[in-house]
Structures are given as C-alpha cells and as structure tokens.
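**Q** One structure follows; several queries about it will come next.
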Amino acid sequence: MQLIRGTHAARPYAGGCVVTIGTYDGLHLGHQALIEAVAAQAARRALPAVLLTFEPMPREYFAPADPPARLTSLRERWRILEPSRLDYTWLLRFGEGLRNLSAEEFAEFLARDVAARLVVVGHDFCFGKGGAASASMLAAAGKRLGFEVEVLPPVTQGGERISSSGVRAALARADFAAARRLLGRPYSMRGRVMPGTRLGRKLGFPTANLPLERRRAPLAGIFAVRVHGVAAGALPAVASLGTRPTIGGTEALLEAHVFDFSADLYGREIEVEFAAKIRDEECFATLEALTQQMQRDASEARRILNEST
C-alpha cells in the first residue's frame with residue numbers, strides 16, 4: 001500500500017480506480033466491510049483499490065476547541081490498513097479549500113484527479129459543502145461524470161449498527177470486550193517512544209512515553225495493558241493515560257511501565273493494548289503518596305493480566 005497526499009497530487013496509477021471515502025476513525029468491522037468490498041470490486045475490474053481519507057478529521061476541524069474523541073491517529077490507521085488489500089491510501093488535508101467545495105466540485109475531483117470508476121460508500125455517506133449531498137446525489141453526478149456508485153448497507157451486531165460512536169461509548173465506560181467486538185481486534189494505541197522527565201525512573205517505575213497524536217483521546221485513567229513491539233510476544237504492563245496532575249502536567253500523555261523490563265526503548269515504535277481499567281487519574285498531595293498508589297496499581301495490573309492469560 002502506498003500513500004498519496006493532497007488534492008493536487010500526481011496520480012501514481014495510469015487508469016481508473018475503485019475508491020471509498022471517509023474518515024475511517026477506528027477502522028471497525030463496518031469500515032472493514034467497506035474496504036473489503038472495494039478490494040473485491042477492484043480485483044474484479046483489474047483496477048487499484050483506493051481509500052480517500054482526511055487529516056484532520058472534519059469534525060476536529062469544525063470544533064477545534066471541543067473536538068470529538070479520536071479512536072485512531074494517522075499512524076495507527078496506516079498500521080491497521082497495511083495488511084489490507086488496498087493499493088493506495090489518499091490523504092487529503094481538510095481545511096477551508098476542501099470544506100468549501102460544492103458537491104459537484106468534489107464529484108469532479110473524484111472523476112478528474114482520482115479517476116474513480118466505482119465509488120463504494122456506506123449508507124449514511126454525505127459530502128460537499130456542509131455535508132448537504134447524499135450518496136444518491138453522488139450517484140447522479142457519477143452518471144454525468146463517468147463513474148458508478150455502490151452503497152453498502154450498515155453492518156450490524158446484535159441488531160445494532162456498528163459505528164465509531166459505538167466504539168467511543170464502549171471505551172468511555174472501559175468496556176474493552178465490547179470495543180473488541182465492534183473493532184474485530186483489541187483496542188490499542190501506537191506511537192514512537194519519546195524522552196520524558198524521567199520522573200517515573202526516579203520513583204522506581206520507568207515508563208515508555210507515547211505522544212497521543214490526537215487532540216482528544218477516547219479514554220483516560222490507569223490501565224492494565226499489554227505492550228507489543230518490545231519482545232517477540234506481548235509484555236504485561238501498567239499504563240497511565242492523562243495529564244499527570246500531581247506534577248502539574250497539562251498535556252495528555254500515554255505512559256507504560258513494562259514489568260520486569262529495563263532496556264532503552266527511546267525511538268522505538270510500540271503498541272499498547274488496553275486490557276482493563278484500574279482507576280481514574282488522581283492528583284496526589286505528595287510524590288510519596290503517588291508512588292504508593294503506583295505500587296498498588298502495578299500489583300492490580302499484574303493480577304488482572306495473570307488472570308486473563
């Protein structure tokens with residue numbers, strides 16, 4: 001899979017393509033059904049399969065002071081998509097230019113620049129300025145511009161539609177089993193370990209610090225987790241996701257303390273899989289009180305992870 005950036009990018013394939021469009025936050029089972037439909041249609045027509053997506057997500061752009069919780073960063077979406085049958089992910093920077101495109105102008109972009117021959121979208125797809133145009137309007141535009149539109153029905157589970165909002169709700173209540181059912185995989189975050197203040201090391205709990213790469217995370221607190229990318233298998237750990245109020249922190253950060261592990265992880269890309277929530281983040285009066293609580297959190301995380309293996 002290759003990455004294409006921008007509305008004026010040179011198209012790397014000569015002919016047409018089969019394309020799907022959306023933010024694809026979370027890449028849940030509904031998203032996966034759309035991507036598989038695109039790949040199947042592309043193979044049938046001997047055309048490349050393309051996912052057209054946006055950064056930032058439109059809802060983040062429209063509400064910068066109060067953005068929605070984001071399930072997946074761009075890095076995480078890329079890693080999840082890598083094993084798929086997509087040939088290209090086309091990334092559009094969402095800003096005023098894209099926001100103000102009319103429905104007809106966006107359809108023309110699909111025909112002219114993307115060279116769409118078939119557009120596969122979900123039943124609730126909308127596009128154009130203000131999101132005023134529907135999938136049926138895209139199909140009508142496609143007839144004039146030379147592409148077809150296929151609209152897929154919602155993917156359901158237990159009679160309810162699978163959605164990113166459903167995953168966010170499950171994570172907000174720390175129901176990781178429900179999130180896993182909707183995603184088809186455990187919920188995790190991924191990033192490159194960056195240097196921190198080394199306070200955890202001084203307190204006896206060295207941590208791998210990951211920037212969240214999103215404006216708002218879908219969960220917060222102290223968690224039992226498993227860390228991938230450090231050893232051959234997943235390693236048990238305890239993690240904090242929050243602003244670290246005890247030391248006056250303001251920016252949210254994911255910090256994972258891998259049990260019985262001491263190697264340097266700076267610069268390494270790791271994945272933190274969430275298993276269970278232990279408690280909410282708290283502000284402690286002293287570092288000694290914080291350290292005592294960290295010891296209890298670590299013991300609880302070990303217990304949870306040992307029982308779930």
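Labeling convention for the structure tokens: chains A, B, ... as they appear, residues from 1 per chain, ligands from 1 in order of appearance.
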Which range 76-174 of chain A residues have any atom within 7 Å of an atom of range 15-19 of chain A, and for each, what is the nearest pair of atoms with distance in Å to one decimal, counting only C-alpha atoms, rows sorted by chain and number, as a Markdown table?

**A**
```
| residue | atom | partner | partner_atom | distance |
| --- | --- | --- | --- | --- |
| A:Ala115 | CA | A:Gly16 | CA | 4.7 |
| A:Ala116 | CA | A:Cys17 | CA | 5.1 |
| A:Arg117 | CA | A:Cys17 | CA | 5.6 |
| A:Leu118 | CA | A:Val18 | CA | 4.8 |
| A:Val119 | CA | A:Val19 | CA | 5.0 |
| A:Val120 | CA | A:Val19 | CA | 6.2 |
```

**Q** Would you write out those residues with N, CA and C atoms, as an mmCIF file, in the first residue's frame?

**A**
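Result file follows (again_33.cif):
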```cif
data_model
loop_
_atom_site.group_PDB
_atom_site.id
_atom_site.type_symbol
_atom_site.label_atom_id
_atom_site.label_comp_id
_atom_site.auth_asym_id
_atom_site.auth_seq_id
_atom_site.Cartn_x
_atom_site.Cartn_y
_atom_site.Cartn_z
ATOM 1 N N ALA A 115 -9.670 9.706 -10.728
ATOM 2 C CA ALA A 115 -10.015 8.790 -11.821
ATOM 3 C C ALA A 115 -10.890 7.642 -11.323
ATOM 4 N N ALA A 116 -11.903 7.980 -10.532
ATOM 5 C CA ALA A 116 -12.808 6.962 -9.998
ATOM 6 C C ALA A 116 -13.617 6.322 -11.116
ATOM 7 N N ARG A 117 -13.694 5.006 -11.082
ATOM 8 C CA ARG A 117 -14.600 4.274 -11.969
ATOM 9 C C ARG A 117 -15.764 3.700 -11.167
ATOM 10 N N LEU A 118 -15.486 3.411 -9.899
ATOM 11 C CA LEU A 118 -16.525 2.969 -8.975
ATOM 12 C C LEU A 118 -16.218 3.568 -7.612
ATOM 13 N N VAL A 119 -17.230 4.178 -6.989
ATOM 14 C CA VAL A 119 -17.105 4.725 -5.645
ATOM 15 C C VAL A 119 -17.975 3.879 -4.717
ATOM 16 N N VAL A 120 -17.373 3.319 -3.678
ATOM 17 C CA VAL A 120 -18.092 2.475 -2.721
ATOM 18 C C VAL A 120 -18.203 3.237 -1.411
#
```

**Q** Report the residues of range 42-274 of chain A whose backbone DSSP state falls under strand (DSSP E), written as a PyMOL selection string.

**A** chain A and resi 49-55+88-93+116-122+126-127+133-134+148-152+156-157+160-161+188-192+208-210+221-228+235-242+253-258+269-274

**Q** Give me, please, the distance in Å between CA of Pro236 in chain A and CA of Arg180 in chain A, quoted to one decimal.

**A**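 These two atoms are separated by 18.5 Å.
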
**Q** With the cut-off set at 10 Å and counting only C-alpha atoms, tabulate each residue of range 27-115 of chain A with an atom at most that distance from an atom of range 7-11 of chain A, showing the nearest atom pair and its distance in Å to one decimal, ordered by chain and increasing number, as a tab-separated table.

**A**
```
residue	atom	partner	partner_atom	distance
A:Trp90	CA	A:Thr7	CA	8.9
A:Leu91	CA	A:Thr7	CA	8.4
A:Leu92	CA	A:Thr7	CA	6.1
A:Arg93	CA	A:Thr7	CA	8.0
A:Phe94	CA	A:Thr7	CA	9.9
A:Gly97	CA	A:Thr7	CA	9.8
A:Leu98	CA	A:Thr7	CA	8.6
A:Phe109	CA	A:Thr7	CA	8.1
A:Leu110	CA	A:Thr7	CA	9.9
A:Asp113	CA	A:Arg11	CA	7.1
A:Val114	CA	A:Arg11	CA	7.0
A:Ala115	CA	A:Arg11	CA	8.5
```

**Q** Just list the residues in range 160-285 of chain A DSSP gives alpha helix (DSSP H) on the backbone, as a PDB file with N, CA and C atoms, in the first residue's frame.

**A**
```pdb
ATOM      1  N   SER A 164     -18.320   4.192  14.781  1.00  0.00           N
ATOM      2  CA  SER A 164     -17.223   4.754  15.579  1.00  0.00           C
ATOM      3  C   SER A 164     -17.753   5.303  16.892  1.00  0.00           C
ATOM      4  N   SER A 165     -18.945   5.896  16.877  1.00  0.00           N
ATOM      5  CA  SER A 165     -19.520   6.424  18.113  1.00  0.00           C
ATOM      6  C   SER A 165     -19.797   5.302  19.103  1.00  0.00           C
ATOM      7  N   GLY A 166     -20.172   4.133  18.605  1.00  0.00           N
ATOM      8  CA  GLY A 166     -20.381   2.984  19.482  1.00  0.00           C
ATOM      9  C   GLY A 166     -19.094   2.528  20.130  1.00  0.00           C
ATOM     10  N   VAL A 167     -17.992   2.561  19.370  1.00  0.00           N
ATOM     11  CA  VAL A 167     -16.684   2.208  19.939  1.00  0.00           C
ATOM     12  C   VAL A 167     -16.276   3.234  20.983  1.00  0.00           C
ATOM     13  N   ARG A 168     -16.492   4.519  20.688  1.00  0.00           N
ATOM     14  CA  ARG A 168     -16.151   5.563  21.661  1.00  0.00           C
ATOM     15  C   ARG A 168     -16.930   5.375  22.955  1.00  0.00           C
ATOM     16  N   ALA A 169     -18.198   5.043  22.839  1.00  0.00           N
ATOM     17  CA  ALA A 169     -19.030   4.843  24.034  1.00  0.00           C
ATOM     18  C   ALA A 169     -18.517   3.664  24.852  1.00  0.00           C
ATOM     19  N   ALA A 170     -18.137   2.580  24.181  1.00  0.00           N
ATOM     20  CA  ALA A 170     -17.609   1.403  24.895  1.00  0.00           C
ATOM     21  C   ALA A 170     -16.318   1.747  25.624  1.00  0.00           C
ATOM     22  N   LEU A 171     -15.435   2.508  24.981  1.00  0.00           N
ATOM     23  CA  LEU A 171     -14.167   2.873  25.616  1.00  0.00           C
ATOM     24  C   LEU A 171     -14.387   3.844  26.771  1.00  0.00           C
ATOM     25  N   ALA A 172     -15.351   4.740  26.620  1.00  0.00           N
ATOM     26  CA  ALA A 172     -15.618   5.711  27.682  1.00  0.00           C
ATOM     27  C   ALA A 172     -16.053   5.023  28.972  1.00  0.00           C
ATOM     28  N   PHE A 176     -13.832  -2.915  27.379  1.00  0.00           N
ATOM     29  CA  PHE A 176     -12.909  -3.296  26.318  1.00  0.00           C
ATOM     30  C   PHE A 176     -13.365  -4.535  25.558  1.00  0.00           C
ATOM     31  N   ALA A 177     -14.184  -5.359  26.189  1.00  0.00           N
ATOM     32  CA  ALA A 177     -14.729  -6.526  25.487  1.00  0.00           C
ATOM     33  C   ALA A 177     -15.695  -6.069  24.396  1.00  0.00           C
ATOM     34  N   ALA A 178     -16.558  -5.082  24.724  1.00  0.00           N
ATOM     35  CA  ALA A 178     -17.490  -4.555  23.732  1.00  0.00           C
ATOM     36  C   ALA A 178     -16.742  -3.862  22.601  1.00  0.00           C
ATOM     37  N   ALA A 179     -15.708  -3.086  22.948  1.00  0.00           N
ATOM     38  CA  ALA A 179     -14.920  -2.414  21.915  1.00  0.00           C
ATOM     39  C   ALA A 179     -14.265  -3.436  20.988  1.00  0.00           C
ATOM     40  N   ARG A 180     -13.779  -4.523  21.559  1.00  0.00           N
ATOM     41  CA  ARG A 180     -13.140  -5.563  20.750  1.00  0.00           C
ATOM     42  C   ARG A 180     -14.134  -6.199  19.781  1.00  0.00           C
ATOM     43  N   ARG A 181     -15.365  -6.405  20.228  1.00  0.00           N
ATOM     44  CA  ARG A 181     -16.385  -6.993  19.343  1.00  0.00           C
ATOM     45  C   ARG A 181     -16.678  -6.071  18.162  1.00  0.00           C
ATOM     46  N   LEU A 182     -16.698  -4.774  18.391  1.00  0.00           N
ATOM     47  CA  LEU A 182     -17.003  -3.820  17.325  1.00  0.00           C
ATOM     48  C   LEU A 182     -15.818  -3.608  16.384  1.00  0.00           C
ATOM     49  N   LEU A 183     -14.613  -3.678  16.936  1.00  0.00           N
ATOM     50  CA  LEU A 183     -13.408  -3.449  16.139  1.00  0.00           C
ATOM     51  C   LEU A 183     -12.907  -4.703  15.428  1.00  0.00           C
ATOM     52  N   LEU A 199      10.869  11.125  35.621  1.00  0.00           N
ATOM     53  CA  LEU A 199      10.367  11.067  36.988  1.00  0.00           C
ATOM     54  C   LEU A 199       9.991   9.643  37.363  1.00  0.00           C
ATOM     55  N   GLY A 200       9.370   8.916  36.425  1.00  0.00           N
ATOM     56  CA  GLY A 200       8.984   7.538  36.708  1.00  0.00           C
ATOM     57  C   GLY A 200      10.180   6.691  37.107  1.00  0.00           C
ATOM     58  N   ARG A 201      11.306   6.891  36.432  1.00  0.00           N
ATOM     59  CA  ARG A 201      12.520   6.125  36.760  1.00  0.00           C
ATOM     60  C   ARG A 201      12.982   6.452  38.177  1.00  0.00           C
ATOM     61  N   LYS A 202      12.902   7.736  38.549  1.00  0.00           N
ATOM     62  CA  LYS A 202      13.317   8.141  39.891  1.00  0.00           C
ATOM     63  C   LYS A 202      12.412   7.523  40.965  1.00  0.00           C
TER      64      LYS A 202
END
```

**Q** Select, from A:Gln32, A:Thr286, A:Ser73, A:Thr53, the residue with the minimum atom-to-atom distance to Gly248 in chain A, counting only C-alpha atoms.

**A**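 Nearest to Gly248 in chain A: A:Thr286.
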
**Q** Measuring between only C-alpha atoms, which one of A:Ala103, A:His123, A:Ala63, A:Met1 shows the shortest distance to Pro83 in chain A?

**A**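 Answer, going by the shortest atom-to-atom distance: A:Met1.
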
**Q** Would you pick out the contacts of Pro58 in chain A at 8 Å or less, using only C-alpha atoms, so that residues sharing its chain but fewer than 3 positions from it are not included, and give the list as a list in words?

**A**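 With the cut-off at 8 Å, the set is Thr23, Phe54, Glu55, Tyr61, Phe62 and Phe94 of chain A.
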
**Q** Pick out the residues sitting within 8 Å of Pro154 in chain A, and hand them over as a PDB file with N, CA and C atoms, in the first residue's frame; count only C-alpha atoms, and ignore anything fewer than 2 positions along from it in its own chain.

**A**
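This went into result22.pdb:
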```
ATOM      1  N   GLY A  30     -17.489  -2.394  10.452  1.00  0.00           N
ATOM      2  CA  GLY A  30     -18.222  -1.758   9.363  1.00  0.00           C
ATOM      3  C   GLY A  30     -17.277  -1.171   8.334  1.00  0.00           C
ATOM      4  N   GLY A 122     -20.754   3.995   2.406  1.00  0.00           N
ATOM      5  CA  GLY A 122     -21.765   3.491   3.322  1.00  0.00           C
ATOM      6  C   GLY A 122     -23.097   4.178   3.119  1.00  0.00           C
ATOM      7  N   HIS A 123     -24.130   3.629   3.741  1.00  0.00           N
ATOM      8  CA  HIS A 123     -25.487   4.133   3.531  1.00  0.00           C
ATOM      9  C   HIS A 123     -25.678   5.563   4.024  1.00  0.00           C
ATOM     10  N   LEU A 152     -23.302   0.508   0.359  1.00  0.00           N
ATOM     11  CA  LEU A 152     -23.400  -0.689   1.181  1.00  0.00           C
ATOM     12  C   LEU A 152     -24.318  -0.452   2.375  1.00  0.00           C
ATOM     13  N   THR A 156     -24.254  -4.713  11.148  1.00  0.00           N
ATOM     14  CA  THR A 156     -24.868  -4.713  12.474  1.00  0.00           C
ATOM     15  C   THR A 156     -24.304  -5.832  13.350  1.00  0.00           C
ATOM     16  N   ARG A 161     -26.297  -1.063  14.679  1.00  0.00           N
ATOM     17  CA  ARG A 161     -25.299  -0.697  13.681  1.00  0.00           C
ATOM     18  C   ARG A 161     -23.942  -0.475  14.338  1.00  0.00           C
ATOM     19  N   ILE A 162     -22.905  -1.062  13.745  1.00  0.00           N
ATOM     20  CA  ILE A 162     -21.545  -0.838  14.221  1.00  0.00           C
ATOM     21  C   ILE A 162     -21.097   0.545  13.763  1.00  0.00           C
TER      22      ILE A 162
END
```

**Q** Just the residues within 10 Å of Glu213 in chain A, please, counting only C-alpha atoms, with nothing from its chain fewer than 3 positions along; format it as a ChimeraX atom specification.

**A** /A:70,72-76,189-191,210,216-217,252-253

**Q** Which value, in Å to one decimal, gives the distance between CA of Val230 in chain A and CA of Ile270 in chain A?

**A**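 Distance between the two atoms: 6.8 Å.
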
**Q** Considering only C-alpha atoms, state which residue in the set A:Leu47, A:Gly184, A:Gly6, A:Lys143 is at the smallest distance from Gly26 in chain A.

**A**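 That would be A:Gly184, the residue with the smallest distance to Gly26 in chain A.
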
**Q** Contacts of Gln41 in chain A at 12 Å or less, counting only C-alpha atoms, minus same-chain residues fewer than 2 places along, as number ranges by chain?

**A** A: 17-20, 34-39, 43-50, 85-86, 117-120, 148-150

**Q** So that I can check the surroundings of Phe259 in chain A, please list as a ChimeraX atom specification every protein, DNA and RNA residue that reaches within 8 Å of it, counting only C-alpha atoms and ignoring chain neighbours fewer than 5 positions away.

**A** /A:235-238

**Q** Calculate how many Å separate CA of Ile4 in chain A from CA of Leu51 in chain A, rounding to one decimal.

**A** 10.0 Å
